[in-house]
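Source file: input_34.txt. Holds: compact mmCIF, N, CA and C atoms.
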```
# COMPACT_ATOMS: atom_id res chain seq x y z
N MET A 1 -13.62 62.62 -18.65
CA MET A 1 -13.55 62.20 -17.27
C MET A 1 -14.35 60.91 -17.04
N ILE A 2 -15.51 60.79 -17.72
CA ILE A 2 -16.33 59.61 -17.56
C ILE A 2 -15.61 58.39 -18.14
N TYR A 3 -14.92 58.59 -19.25
CA TYR A 3 -14.18 57.49 -19.87
C TYR A 3 -13.04 57.01 -18.99
N GLN A 4 -12.39 57.89 -18.26
CA GLN A 4 -11.30 57.51 -17.36
C GLN A 4 -11.83 56.66 -16.21
N LYS A 5 -12.98 57.03 -15.66
CA LYS A 5 -13.56 56.25 -14.56
C LYS A 5 -13.95 54.85 -15.05
N LYS A 6 -14.52 54.78 -16.25
CA LYS A 6 -14.90 53.48 -16.80
C LYS A 6 -13.65 52.64 -17.07
N GLY A 7 -12.59 53.27 -17.50
CA GLY A 7 -11.33 52.57 -17.75
C GLY A 7 -10.72 52.04 -16.47
N ILE A 8 -10.78 52.82 -15.41
CA ILE A 8 -10.23 52.39 -14.11
C ILE A 8 -11.05 51.23 -13.57
N ILE A 9 -12.38 51.32 -13.68
CA ILE A 9 -13.25 50.23 -13.20
C ILE A 9 -12.97 48.96 -14.01
N ALA A 10 -12.81 49.09 -15.32
CA ALA A 10 -12.51 47.92 -16.15
C ALA A 10 -11.16 47.31 -15.77
N LEU A 11 -10.18 48.15 -15.53
CA LEU A 11 -8.85 47.66 -15.15
C LEU A 11 -8.90 46.94 -13.81
N ILE A 12 -9.59 47.51 -12.85
CA ILE A 12 -9.72 46.86 -11.52
C ILE A 12 -10.46 45.54 -11.66
N THR A 13 -11.51 45.49 -12.47
CA THR A 13 -12.27 44.25 -12.69
C THR A 13 -11.38 43.17 -13.30
N ILE A 14 -10.58 43.55 -14.27
CA ILE A 14 -9.67 42.60 -14.92
C ILE A 14 -8.63 42.09 -13.92
N LEU A 15 -8.08 42.99 -13.09
CA LEU A 15 -7.08 42.58 -12.10
C LEU A 15 -7.69 41.62 -11.07
N VAL A 16 -8.91 41.93 -10.59
CA VAL A 16 -9.56 41.05 -9.61
C VAL A 16 -9.87 39.70 -10.24
N ALA A 17 -10.39 39.68 -11.46
CA ALA A 17 -10.69 38.43 -12.15
C ALA A 17 -9.41 37.62 -12.36
N GLY A 18 -8.34 38.29 -12.74
CA GLY A 18 -7.05 37.61 -12.93
C GLY A 18 -6.54 37.01 -11.64
N ALA A 19 -6.69 37.74 -10.54
CA ALA A 19 -6.25 37.22 -9.24
C ALA A 19 -7.06 35.99 -8.84
N ILE A 20 -8.37 36.03 -9.10
CA ILE A 20 -9.22 34.88 -8.77
C ILE A 20 -8.83 33.67 -9.62
N ILE A 21 -8.61 33.88 -10.90
CA ILE A 21 -8.22 32.78 -11.78
C ILE A 21 -6.86 32.22 -11.38
N LEU A 22 -5.92 33.08 -11.04
CA LEU A 22 -4.59 32.64 -10.63
C LEU A 22 -4.68 31.84 -9.33
N THR A 23 -5.43 32.31 -8.36
CA THR A 23 -5.59 31.62 -7.08
C THR A 23 -6.24 30.25 -7.29
N THR A 24 -7.27 30.21 -8.12
CA THR A 24 -7.95 28.94 -8.40
C THR A 24 -6.99 27.96 -9.08
N GLY A 25 -6.23 28.44 -10.05
CA GLY A 25 -5.27 27.58 -10.75
C GLY A 25 -4.21 27.03 -9.82
N LEU A 26 -3.68 27.89 -8.96
CA LEU A 26 -2.66 27.42 -8.00
C LEU A 26 -3.25 26.39 -7.04
N GLY A 27 -4.48 26.65 -6.58
CA GLY A 27 -5.14 25.71 -5.67
C GLY A 27 -5.32 24.35 -6.32
N MET A 28 -5.75 24.35 -7.57
CA MET A 28 -5.95 23.09 -8.28
C MET A 28 -4.62 22.37 -8.50
N THR A 29 -3.57 23.10 -8.78
CA THR A 29 -2.25 22.49 -8.97
C THR A 29 -1.75 21.85 -7.68
N ILE A 30 -1.88 22.56 -6.58
CA ILE A 30 -1.43 22.03 -5.28
C ILE A 30 -2.24 20.79 -4.92
N ARG A 31 -3.56 20.85 -5.14
CA ARG A 31 -4.40 19.69 -4.82
C ARG A 31 -4.00 18.50 -5.68
N SER A 32 -3.71 18.72 -6.94
CA SER A 32 -3.30 17.65 -7.83
C SER A 32 -2.00 17.00 -7.36
N ILE A 33 -1.06 17.81 -6.92
CA ILE A 33 0.22 17.29 -6.41
C ILE A 33 -0.02 16.44 -5.16
N ILE A 34 -0.85 16.92 -4.26
CA ILE A 34 -1.14 16.17 -3.02
C ILE A 34 -1.83 14.85 -3.35
N GLU A 35 -2.79 14.87 -4.27
CA GLU A 35 -3.47 13.64 -4.65
C GLU A 35 -2.53 12.66 -5.33
N SER A 36 -1.59 13.15 -6.10
CA SER A 36 -0.60 12.27 -6.75
C SER A 36 0.25 11.58 -5.70
N ASP A 37 0.68 12.32 -4.68
CA ASP A 37 1.47 11.73 -3.60
C ASP A 37 0.66 10.67 -2.86
N THR A 38 -0.61 10.97 -2.58
CA THR A 38 -1.48 10.03 -1.88
C THR A 38 -1.66 8.77 -2.71
N THR A 39 -1.88 8.91 -4.00
CA THR A 39 -2.06 7.76 -4.88
C THR A 39 -0.79 6.91 -4.92
N LEU A 40 0.36 7.53 -4.98
CA LEU A 40 1.62 6.80 -4.99
C LEU A 40 1.81 6.04 -3.68
N ASP A 41 1.49 6.68 -2.55
CA ASP A 41 1.59 6.02 -1.25
C ASP A 41 0.67 4.80 -1.19
N GLU A 42 -0.56 4.97 -1.66
CA GLU A 42 -1.51 3.85 -1.66
C GLU A 42 -1.01 2.71 -2.54
N GLU A 43 -0.43 3.05 -3.67
CA GLU A 43 0.09 2.03 -4.58
C GLU A 43 1.25 1.25 -3.95
N MET A 44 2.16 1.95 -3.27
CA MET A 44 3.29 1.26 -2.63
C MET A 44 2.80 0.38 -1.49
N SER A 45 1.83 0.85 -0.72
CA SER A 45 1.28 0.05 0.37
C SER A 45 0.59 -1.20 -0.18
N HIS A 46 -0.16 -1.04 -1.26
CA HIS A 46 -0.83 -2.18 -1.87
C HIS A 46 0.19 -3.17 -2.44
N GLN A 47 1.23 -2.65 -3.08
CA GLN A 47 2.27 -3.52 -3.63
C GLN A 47 2.94 -4.32 -2.52
N SER A 48 3.16 -3.69 -1.38
CA SER A 48 3.75 -4.39 -0.24
C SER A 48 2.85 -5.52 0.24
N LEU A 49 1.53 -5.27 0.29
CA LEU A 49 0.58 -6.31 0.71
C LEU A 49 0.56 -7.46 -0.29
N VAL A 50 0.58 -7.14 -1.58
CA VAL A 50 0.60 -8.19 -2.61
C VAL A 50 1.85 -9.05 -2.46
N MET A 51 2.99 -8.43 -2.20
CA MET A 51 4.23 -9.19 -2.04
C MET A 51 4.18 -10.07 -0.79
N ALA A 52 3.64 -9.54 0.31
CA ALA A 52 3.52 -10.35 1.53
C ALA A 52 2.59 -11.54 1.28
N THR A 53 1.54 -11.32 0.49
CA THR A 53 0.61 -12.40 0.14
C THR A 53 1.30 -13.44 -0.73
N ASN A 54 2.09 -13.00 -1.71
CA ASN A 54 2.83 -13.94 -2.55
C ASN A 54 3.79 -14.78 -1.71
N CYS A 55 4.43 -14.14 -0.76
CA CYS A 55 5.35 -14.85 0.13
C CYS A 55 4.58 -15.89 0.96
N MET A 56 3.40 -15.50 1.45
CA MET A 56 2.59 -16.42 2.25
C MET A 56 2.19 -17.63 1.41
N GLU A 57 1.80 -17.39 0.18
CA GLU A 57 1.42 -18.50 -0.69
C GLU A 57 2.60 -19.43 -0.93
N GLN A 58 3.79 -18.87 -1.10
CA GLN A 58 5.00 -19.68 -1.27
C GLN A 58 5.27 -20.50 -0.01
N ALA A 59 5.13 -19.88 1.15
CA ALA A 59 5.36 -20.58 2.42
C ALA A 59 4.36 -21.73 2.60
N LEU A 60 3.11 -21.48 2.26
CA LEU A 60 2.09 -22.53 2.39
C LEU A 60 2.33 -23.68 1.41
N LEU A 61 2.78 -23.36 0.20
CA LEU A 61 3.12 -24.41 -0.76
C LEU A 61 4.30 -25.24 -0.25
N SER A 62 5.30 -24.57 0.32
CA SER A 62 6.46 -25.28 0.86
C SER A 62 6.05 -26.16 2.04
N LEU A 63 5.14 -25.65 2.87
CA LEU A 63 4.66 -26.42 4.02
C LEU A 63 3.83 -27.62 3.57
N ALA A 64 3.06 -27.45 2.51
CA ALA A 64 2.27 -28.56 1.98
C ALA A 64 3.18 -29.64 1.40
N ASP A 65 4.29 -29.22 0.79
CA ASP A 65 5.26 -30.17 0.23
C ASP A 65 6.04 -30.90 1.31
N ASN A 66 6.34 -30.17 2.40
CA ASN A 66 7.20 -30.71 3.45
C ASN A 66 6.70 -30.20 4.79
N SER A 67 6.07 -31.07 5.56
CA SER A 67 5.49 -30.66 6.85
C SER A 67 6.56 -30.22 7.84
N ALA A 68 7.84 -30.50 7.56
CA ALA A 68 8.94 -30.08 8.44
C ALA A 68 9.49 -28.71 8.03
N TYR A 69 8.92 -28.08 7.00
CA TYR A 69 9.38 -26.77 6.54
C TYR A 69 9.29 -25.77 7.69
N THR A 70 10.37 -25.00 7.90
CA THR A 70 10.41 -24.08 9.04
C THR A 70 10.42 -22.61 8.65
N GLY A 71 10.40 -22.31 7.35
CA GLY A 71 10.39 -20.90 6.93
C GLY A 71 11.76 -20.29 7.05
N ASN A 72 11.83 -19.08 7.61
CA ASN A 72 13.07 -18.35 7.83
C ASN A 72 13.85 -18.15 6.53
N GLU A 73 13.17 -17.54 5.55
CA GLU A 73 13.86 -17.26 4.29
C GLU A 73 13.34 -15.96 3.68
N THR A 74 14.14 -15.44 2.78
CA THR A 74 13.79 -14.22 2.05
C THR A 74 13.61 -14.60 0.59
N ILE A 75 12.52 -14.13 0.00
CA ILE A 75 12.20 -14.49 -1.37
C ILE A 75 12.26 -13.24 -2.25
N PRO A 76 13.08 -13.25 -3.32
CA PRO A 76 13.10 -12.09 -4.22
C PRO A 76 11.87 -12.10 -5.13
N ILE A 77 11.26 -10.94 -5.27
CA ILE A 77 10.12 -10.77 -6.19
C ILE A 77 10.42 -9.52 -7.00
N GLY A 78 10.81 -9.71 -8.22
CA GLY A 78 11.22 -8.57 -9.04
C GLY A 78 12.43 -7.90 -8.42
N THR A 79 12.34 -6.60 -8.18
CA THR A 79 13.45 -5.87 -7.57
C THR A 79 13.30 -5.77 -6.06
N ASN A 80 12.22 -6.34 -5.51
CA ASN A 80 11.97 -6.28 -4.07
C ASN A 80 12.09 -7.68 -3.46
N THR A 81 11.93 -7.74 -2.16
CA THR A 81 11.94 -9.03 -1.47
C THR A 81 10.83 -9.06 -0.43
N CYS A 82 10.47 -10.27 -0.05
CA CYS A 82 9.57 -10.46 1.09
C CYS A 82 10.20 -11.53 1.98
N ALA A 83 9.77 -11.54 3.24
CA ALA A 83 10.40 -12.45 4.20
C ALA A 83 9.36 -13.39 4.80
N ILE A 84 9.78 -14.63 4.94
CA ILE A 84 8.99 -15.63 5.67
C ILE A 84 9.69 -15.83 7.00
N ALA A 85 8.99 -15.55 8.08
CA ALA A 85 9.58 -15.72 9.41
C ALA A 85 9.63 -17.20 9.76
N THR A 86 10.35 -17.51 10.83
CA THR A 86 10.40 -18.89 11.31
C THR A 86 8.99 -19.32 11.70
N ILE A 87 8.57 -20.46 11.19
CA ILE A 87 7.21 -20.95 11.44
C ILE A 87 7.12 -21.54 12.84
N THR A 88 6.10 -21.11 13.56
CA THR A 88 5.86 -21.60 14.92
C THR A 88 4.98 -22.84 14.83
N ALA A 89 5.39 -23.92 15.50
CA ALA A 89 4.64 -25.17 15.46
C ALA A 89 4.11 -25.52 16.84
N ASN A 90 2.88 -26.05 16.85
CA ASN A 90 2.27 -26.57 18.07
C ASN A 90 1.43 -27.77 17.65
N GLY A 91 2.03 -28.94 17.71
CA GLY A 91 1.35 -30.13 17.21
C GLY A 91 1.19 -30.03 15.71
N ASP A 92 -0.04 -30.24 15.24
CA ASP A 92 -0.31 -30.12 13.81
C ASP A 92 -0.65 -28.69 13.39
N THR A 93 -0.65 -27.76 14.34
CA THR A 93 -0.96 -26.37 14.03
C THR A 93 0.32 -25.59 13.77
N ARG A 94 0.31 -24.77 12.74
CA ARG A 94 1.45 -23.93 12.41
C ARG A 94 0.98 -22.47 12.29
N ILE A 95 1.84 -21.55 12.74
CA ILE A 95 1.60 -20.13 12.54
C ILE A 95 2.68 -19.63 11.59
N VAL A 96 2.24 -19.17 10.43
CA VAL A 96 3.15 -18.71 9.38
C VAL A 96 3.02 -17.20 9.29
N LYS A 97 4.16 -16.49 9.34
CA LYS A 97 4.15 -15.04 9.25
C LYS A 97 5.05 -14.59 8.11
N THR A 98 4.56 -13.61 7.34
CA THR A 98 5.34 -13.04 6.26
C THR A 98 5.29 -11.52 6.35
N SER A 99 6.27 -10.88 5.72
CA SER A 99 6.29 -9.41 5.68
C SER A 99 6.96 -8.95 4.40
N SER A 100 6.61 -7.72 4.03
CA SER A 100 7.22 -7.11 2.85
C SER A 100 7.25 -5.60 3.07
N THR A 101 8.29 -4.96 2.54
CA THR A 101 8.42 -3.51 2.63
C THR A 101 8.64 -2.95 1.23
N VAL A 102 7.80 -1.97 0.87
CA VAL A 102 7.95 -1.27 -0.41
C VAL A 102 7.84 0.22 -0.11
N GLY A 103 8.88 0.95 -0.44
CA GLY A 103 8.86 2.39 -0.25
C GLY A 103 8.59 2.82 1.18
N GLY A 104 9.05 2.04 2.14
CA GLY A 104 8.84 2.38 3.54
C GLY A 104 7.52 1.86 4.10
N TYR A 105 6.68 1.25 3.28
CA TYR A 105 5.41 0.71 3.74
C TYR A 105 5.57 -0.77 4.03
N VAL A 106 5.37 -1.15 5.28
CA VAL A 106 5.54 -2.53 5.72
C VAL A 106 4.15 -3.15 5.87
N ARG A 107 3.97 -4.32 5.28
CA ARG A 107 2.71 -5.07 5.45
C ARG A 107 3.08 -6.46 5.94
N ARG A 108 2.34 -6.95 6.92
CA ARG A 108 2.62 -8.25 7.54
C ARG A 108 1.36 -9.10 7.56
N LEU A 109 1.55 -10.38 7.32
CA LEU A 109 0.44 -11.33 7.36
C LEU A 109 0.75 -12.44 8.35
N SER A 110 -0.30 -12.96 8.97
CA SER A 110 -0.17 -14.11 9.86
C SER A 110 -1.28 -15.10 9.50
N VAL A 111 -0.88 -16.35 9.27
CA VAL A 111 -1.84 -17.38 8.91
C VAL A 111 -1.68 -18.55 9.87
N THR A 112 -2.79 -19.02 10.38
CA THR A 112 -2.78 -20.21 11.24
C THR A 112 -3.31 -21.39 10.41
N VAL A 113 -2.50 -22.46 10.39
CA VAL A 113 -2.82 -23.63 9.58
C VAL A 113 -2.88 -24.84 10.49
N SER A 114 -3.90 -25.65 10.28
CA SER A 114 -3.94 -26.94 10.99
C SER A 114 -3.98 -28.04 9.95
N ASN A 115 -3.85 -29.26 10.40
CA ASN A 115 -3.83 -30.40 9.50
C ASN A 115 -2.75 -30.19 8.44
N VAL A 116 -1.49 -30.20 8.89
CA VAL A 116 -0.36 -29.92 8.00
C VAL A 116 -0.26 -30.93 6.87
N ASN A 117 -0.66 -32.16 7.14
CA ASN A 117 -0.64 -33.15 6.07
C ASN A 117 -1.67 -32.74 5.03
N PRO A 118 -1.29 -32.79 3.75
CA PRO A 118 -2.21 -32.30 2.72
C PRO A 118 -3.57 -32.97 2.81
N PRO A 119 -4.62 -32.22 2.58
CA PRO A 119 -4.60 -30.80 2.25
C PRO A 119 -4.47 -29.95 3.51
N LEU A 120 -3.78 -28.81 3.37
CA LEU A 120 -3.67 -27.86 4.48
C LEU A 120 -5.04 -27.27 4.78
N GLN A 121 -5.27 -27.01 6.05
CA GLN A 121 -6.51 -26.34 6.44
C GLN A 121 -6.15 -24.98 7.04
N ILE A 122 -6.56 -23.92 6.38
CA ILE A 122 -6.27 -22.57 6.87
C ILE A 122 -7.37 -22.16 7.83
N ASN A 123 -6.98 -21.91 9.08
CA ASN A 123 -7.96 -21.51 10.11
C ASN A 123 -8.15 -20.00 10.16
N SER A 124 -7.07 -19.25 9.93
CA SER A 124 -7.19 -17.78 9.92
C SER A 124 -6.13 -17.20 8.99
N TRP A 125 -6.48 -16.10 8.40
CA TRP A 125 -5.58 -15.36 7.50
C TRP A 125 -5.84 -13.90 7.80
N GLN A 126 -4.85 -13.22 8.36
CA GLN A 126 -5.08 -11.82 8.74
C GLN A 126 -3.83 -10.98 8.60
N GLU A 127 -4.07 -9.68 8.38
CA GLU A 127 -2.97 -8.74 8.38
C GLU A 127 -2.75 -8.33 9.83
N VAL A 128 -1.47 -8.26 10.24
CA VAL A 128 -1.15 -7.94 11.62
C VAL A 128 -0.21 -6.75 11.67
N ASP A 129 -0.11 -6.13 12.86
CA ASP A 129 0.76 -4.98 13.04
C ASP A 129 2.21 -5.38 13.22
N ASN A 130 2.46 -6.52 13.86
CA ASN A 130 3.85 -6.93 14.09
C ASN A 130 4.02 -8.41 13.93
```

Transcribe the structure of this file into structure tokens.
Amino acid sequence: MIYQKKGIIALITILVAGAIILTTGLGMTIRSIIESDTTLDEEMSHQSLVMATNCMEQALLSLADNSAYTGNETIPIGTNTCAIATITANGDTRIVKTSSTVGGYVRRLSVTVSNVNPPLQINSWQEVDN
């Protein structure tokens, strides 16, 4: 009779330990999946910002080459594209806006440039909502 009680206690202990290990393993797996999704989202958002920056650099180079450059073009970068909006002019000041979308993540930049004749003078460079 004593051996049966010890066997039942051992069996219950093993079942409880197994349940704890299983729950911990599932929790770690779910957390890993969530972190992978978050990392992928961050990577796509960063890639979109890099592409918008590349587009901005292209627009500024074109503006430095030709002060009459008006933008309004789409530039292919690998399998994606970025857009240069129509450049707003006010005297020697220009507002250049670019955008890029990767995986649903849109990043936009706005740069204010004065002294269009080389060398360009960048007054502000910022990420904007629209």

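Put simply, atom C of Met44 in chain A is 8.3 Å away from atom N of Arg107 in chain A.
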
From the options A:Val50, A:Leu11, A:Ala59, A:Ala68, which residue's atoms come nearest to Ile84 in chain A, counting only C-alpha atoms? A:Ala59

Based on DSSP run over this structure's backbone, return all residues of range 6-120 of chain A in helix (DSSP H, G or I), as a short mmCIF file (atom, residue, chain, number, x, y, z; two decimals) with N, CA and C atoms, keeping the file's coordinate frame.
```cif
data_model
loop_
_atom_site.label_atom_id
_atom_site.label_comp_id
_atom_site.auth_asym_id
_atom_site.auth_seq_id
_atom_site.Cartn_x
_atom_site.Cartn_y
_atom_site.Cartn_z
N LYS A 6 -14.52 54.78 -16.25
CA LYS A 6 -14.90 53.48 -16.80
C LYS A 6 -13.65 52.64 -17.07
N GLY A 7 -12.59 53.27 -17.50
CA GLY A 7 -11.33 52.57 -17.75
C GLY A 7 -10.72 52.04 -16.47
N ILE A 8 -10.78 52.82 -15.41
CA ILE A 8 -10.23 52.39 -14.11
C ILE A 8 -11.05 51.23 -13.57
N ILE A 9 -12.38 51.32 -13.68
CA ILE A 9 -13.25 50.23 -13.20
C ILE A 9 -12.97 48.96 -14.01
N ALA A 10 -12.81 49.09 -15.32
CA ALA A 10 -12.51 47.92 -16.15
C ALA A 10 -11.16 47.31 -15.77
N LEU A 11 -10.18 48.15 -15.53
CA LEU A 11 -8.85 47.66 -15.15
C LEU A 11 -8.90 46.94 -13.81
N ILE A 12 -9.59 47.51 -12.85
CA ILE A 12 -9.72 46.86 -11.52
C ILE A 12 -10.46 45.54 -11.66
N THR A 13 -11.51 45.49 -12.47
CA THR A 13 -12.27 44.25 -12.69
C THR A 13 -11.38 43.17 -13.30
N ILE A 14 -10.58 43.55 -14.27
CA ILE A 14 -9.67 42.60 -14.92
C ILE A 14 -8.63 42.09 -13.92
N LEU A 15 -8.08 42.99 -13.09
CA LEU A 15 -7.08 42.58 -12.10
C LEU A 15 -7.69 41.62 -11.07
N VAL A 16 -8.91 41.93 -10.59
CA VAL A 16 -9.56 41.05 -9.61
C VAL A 16 -9.87 39.70 -10.24
N ALA A 17 -10.39 39.68 -11.46
CA ALA A 17 -10.69 38.43 -12.15
C ALA A 17 -9.41 37.62 -12.36
N GLY A 18 -8.34 38.29 -12.74
CA GLY A 18 -7.05 37.61 -12.93
C GLY A 18 -6.54 37.01 -11.64
N ALA A 19 -6.69 37.74 -10.54
CA ALA A 19 -6.25 37.22 -9.24
C ALA A 19 -7.06 35.99 -8.84
N ILE A 20 -8.37 36.03 -9.10
CA ILE A 20 -9.22 34.88 -8.77
C ILE A 20 -8.83 33.67 -9.62
N ILE A 21 -8.61 33.88 -10.90
CA ILE A 21 -8.22 32.78 -11.78
C ILE A 21 -6.86 32.22 -11.38
N LEU A 22 -5.92 33.08 -11.04
CA LEU A 22 -4.59 32.64 -10.63
C LEU A 22 -4.68 31.84 -9.33
N THR A 23 -5.43 32.31 -8.36
CA THR A 23 -5.59 31.62 -7.08
C THR A 23 -6.24 30.25 -7.29
N THR A 24 -7.27 30.21 -8.12
CA THR A 24 -7.95 28.94 -8.40
C THR A 24 -6.99 27.96 -9.08
N GLY A 25 -6.23 28.44 -10.05
CA GLY A 25 -5.27 27.58 -10.75
C GLY A 25 -4.21 27.03 -9.82
N LEU A 26 -3.68 27.89 -8.96
CA LEU A 26 -2.66 27.42 -8.00
C LEU A 26 -3.25 26.39 -7.04
N GLY A 27 -4.48 26.65 -6.58
CA GLY A 27 -5.14 25.71 -5.67
C GLY A 27 -5.32 24.35 -6.32
N MET A 28 -5.75 24.35 -7.57
CA MET A 28 -5.95 23.09 -8.28
C MET A 28 -4.62 22.37 -8.50
N THR A 29 -3.57 23.10 -8.78
CA THR A 29 -2.25 22.49 -8.97
C THR A 29 -1.75 21.85 -7.68
N ILE A 30 -1.88 22.56 -6.58
CA ILE A 30 -1.43 22.03 -5.28
C ILE A 30 -2.24 20.79 -4.92
N ARG A 31 -3.56 20.85 -5.14
CA ARG A 31 -4.40 19.69 -4.82
C ARG A 31 -4.00 18.50 -5.68
N SER A 32 -3.71 18.72 -6.94
CA SER A 32 -3.30 17.65 -7.83
C SER A 32 -2.00 17.00 -7.36
N ILE A 33 -1.06 17.81 -6.92
CA ILE A 33 0.22 17.29 -6.41
C ILE A 33 -0.02 16.44 -5.16
N ILE A 34 -0.85 16.92 -4.26
CA ILE A 34 -1.14 16.17 -3.02
C ILE A 34 -1.83 14.85 -3.35
N GLU A 35 -2.79 14.87 -4.27
CA GLU A 35 -3.47 13.64 -4.65
C GLU A 35 -2.53 12.66 -5.33
N SER A 36 -1.59 13.15 -6.10
CA SER A 36 -0.60 12.27 -6.75
C SER A 36 0.25 11.58 -5.70
N ASP A 37 0.68 12.32 -4.68
CA ASP A 37 1.47 11.73 -3.60
C ASP A 37 0.66 10.67 -2.86
N THR A 38 -0.61 10.97 -2.58
CA THR A 38 -1.48 10.03 -1.88
C THR A 38 -1.66 8.77 -2.71
N THR A 39 -1.88 8.91 -4.00
CA THR A 39 -2.06 7.76 -4.88
C THR A 39 -0.79 6.91 -4.92
N LEU A 40 0.36 7.53 -4.98
CA LEU A 40 1.62 6.80 -4.99
C LEU A 40 1.81 6.04 -3.68
N ASP A 41 1.49 6.68 -2.55
CA ASP A 41 1.59 6.02 -1.25
C ASP A 41 0.67 4.80 -1.19
N GLU A 42 -0.56 4.97 -1.66
CA GLU A 42 -1.51 3.85 -1.66
C GLU A 42 -1.01 2.71 -2.54
N GLU A 43 -0.43 3.05 -3.67
CA GLU A 43 0.09 2.03 -4.58
C GLU A 43 1.25 1.25 -3.95
N MET A 44 2.16 1.95 -3.27
CA MET A 44 3.29 1.26 -2.63
C MET A 44 2.80 0.38 -1.49
N SER A 45 1.83 0.85 -0.72
CA SER A 45 1.28 0.05 0.37
C SER A 45 0.59 -1.20 -0.18
N HIS A 46 -0.16 -1.04 -1.26
CA HIS A 46 -0.83 -2.18 -1.87
C HIS A 46 0.19 -3.17 -2.44
N GLN A 47 1.23 -2.65 -3.08
CA GLN A 47 2.27 -3.52 -3.63
C GLN A 47 2.94 -4.32 -2.52
N SER A 48 3.16 -3.69 -1.38
CA SER A 48 3.75 -4.39 -0.24
C SER A 48 2.85 -5.52 0.24
N LEU A 49 1.53 -5.27 0.29
CA LEU A 49 0.58 -6.31 0.71
C LEU A 49 0.56 -7.46 -0.29
N VAL A 50 0.58 -7.14 -1.58
CA VAL A 50 0.60 -8.19 -2.61
C VAL A 50 1.85 -9.05 -2.46
N MET A 51 2.99 -8.43 -2.20
CA MET A 51 4.23 -9.19 -2.04
C MET A 51 4.18 -10.07 -0.79
N ALA A 52 3.64 -9.54 0.31
CA ALA A 52 3.52 -10.35 1.53
C ALA A 52 2.59 -11.54 1.28
N THR A 53 1.54 -11.32 0.49
CA THR A 53 0.61 -12.40 0.14
C THR A 53 1.30 -13.44 -0.73
N ASN A 54 2.09 -13.00 -1.71
CA ASN A 54 2.83 -13.94 -2.55
C ASN A 54 3.79 -14.78 -1.71
N CYS A 55 4.43 -14.14 -0.76
CA CYS A 55 5.35 -14.85 0.13
C CYS A 55 4.58 -15.89 0.96
N MET A 56 3.40 -15.50 1.45
CA MET A 56 2.59 -16.42 2.25
C MET A 56 2.19 -17.63 1.41
N GLU A 57 1.80 -17.39 0.18
CA GLU A 57 1.42 -18.50 -0.69
C GLU A 57 2.60 -19.43 -0.93
N GLN A 58 3.79 -18.87 -1.10
CA GLN A 58 5.00 -19.68 -1.27
C GLN A 58 5.27 -20.50 -0.01
N ALA A 59 5.13 -19.88 1.15
CA ALA A 59 5.36 -20.58 2.42
C ALA A 59 4.36 -21.73 2.60
N LEU A 60 3.11 -21.48 2.26
CA LEU A 60 2.09 -22.53 2.39
C LEU A 60 2.33 -23.68 1.41
N LEU A 61 2.78 -23.36 0.20
CA LEU A 61 3.12 -24.41 -0.76
C LEU A 61 4.30 -25.24 -0.25
N SER A 62 5.30 -24.57 0.32
CA SER A 62 6.46 -25.28 0.86
C SER A 62 6.05 -26.16 2.04
N LEU A 63 5.14 -25.65 2.87
CA LEU A 63 4.66 -26.42 4.02
C LEU A 63 3.83 -27.62 3.57
N ALA A 64 3.06 -27.45 2.51
CA ALA A 64 2.27 -28.56 1.98
C ALA A 64 3.18 -29.64 1.40
N ASP A 65 4.29 -29.22 0.79
CA ASP A 65 5.26 -30.17 0.23
C ASP A 65 6.04 -30.90 1.31
#
```

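Around Thr112 in chain A, within 8 Å and counting all atoms listed in the file, the residues found are Thr93, Arg94, Ile95, Val96, Lys97, Gln121, Ile122, Asn123, Ser124, Trp125 and Gln126 of chain A, once anything fewer than 5 positions away on its own chain is removed.
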
Write the residues of the preceding selection, restricted to N, CA and C atoms, as a compact mmCIF listing (two decimals), keeping the file's coordinate frame.
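See out.txt below for the written result:
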```txt
# COMPACT_ATOMS: atom_id res chain seq x y z
N THR A 93 -0.65 -27.76 14.34
CA THR A 93 -0.96 -26.37 14.03
C THR A 93 0.32 -25.59 13.77
N ARG A 94 0.31 -24.77 12.74
CA ARG A 94 1.45 -23.93 12.41
C ARG A 94 0.98 -22.47 12.29
N ILE A 95 1.84 -21.55 12.74
CA ILE A 95 1.60 -20.13 12.54
C ILE A 95 2.68 -19.63 11.59
N VAL A 96 2.24 -19.17 10.43
CA VAL A 96 3.15 -18.71 9.38
C VAL A 96 3.02 -17.20 9.29
N LYS A 97 4.16 -16.49 9.34
CA LYS A 97 4.15 -15.04 9.25
C LYS A 97 5.05 -14.59 8.11
N GLN A 121 -5.27 -27.01 6.05
CA GLN A 121 -6.51 -26.34 6.44
C GLN A 121 -6.15 -24.98 7.04
N ILE A 122 -6.56 -23.92 6.38
CA ILE A 122 -6.27 -22.57 6.87
C ILE A 122 -7.37 -22.16 7.83
N ASN A 123 -6.98 -21.91 9.08
CA ASN A 123 -7.96 -21.51 10.11
C ASN A 123 -8.15 -20.00 10.16
N SER A 124 -7.07 -19.25 9.93
CA SER A 124 -7.19 -17.78 9.92
C SER A 124 -6.13 -17.20 8.99
N TRP A 125 -6.48 -16.10 8.40
CA TRP A 125 -5.58 -15.36 7.50
C TRP A 125 -5.84 -13.90 7.80
N GLN A 126 -4.85 -13.22 8.36
CA GLN A 126 -5.08 -11.82 8.74
C GLN A 126 -3.83 -10.98 8.60
```

Leaving out Asp65 in chain A and any residue of its chain fewer than 5 positions from it, which residues lie within 9 Å of it when counting only C-alpha atoms, given as a list in words? Leu60, Asn117 and Pro118 of chain A

Taking the backbone alone, and naming residues the way the document does, which bits of chain A are strand (DSSP E) by DSSP, as JSON, numbers by chain? {"A": [71, 72, 73, 74, 75, 76, 77, 80, 81, 82, 83, 84, 85, 86, 88, 89, 90, 93, 94, 95, 96, 97, 98, 99, 100, 101, 102, 105, 106, 107, 108, 109, 110, 111, 112, 113, 114, 121, 122, 123, 124, 125, 126, 127, 128]}

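Note that atom N of Met56 in chain A and CA of Val128 in chain A are 13.5 Å apart.
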
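Comparing A:Gly25, A:Ala64, A:Ser48, A:Ser32 by their smallest distance to Ser99 in chain A, the closest is A:Ser48 (using all atoms listed in the file).
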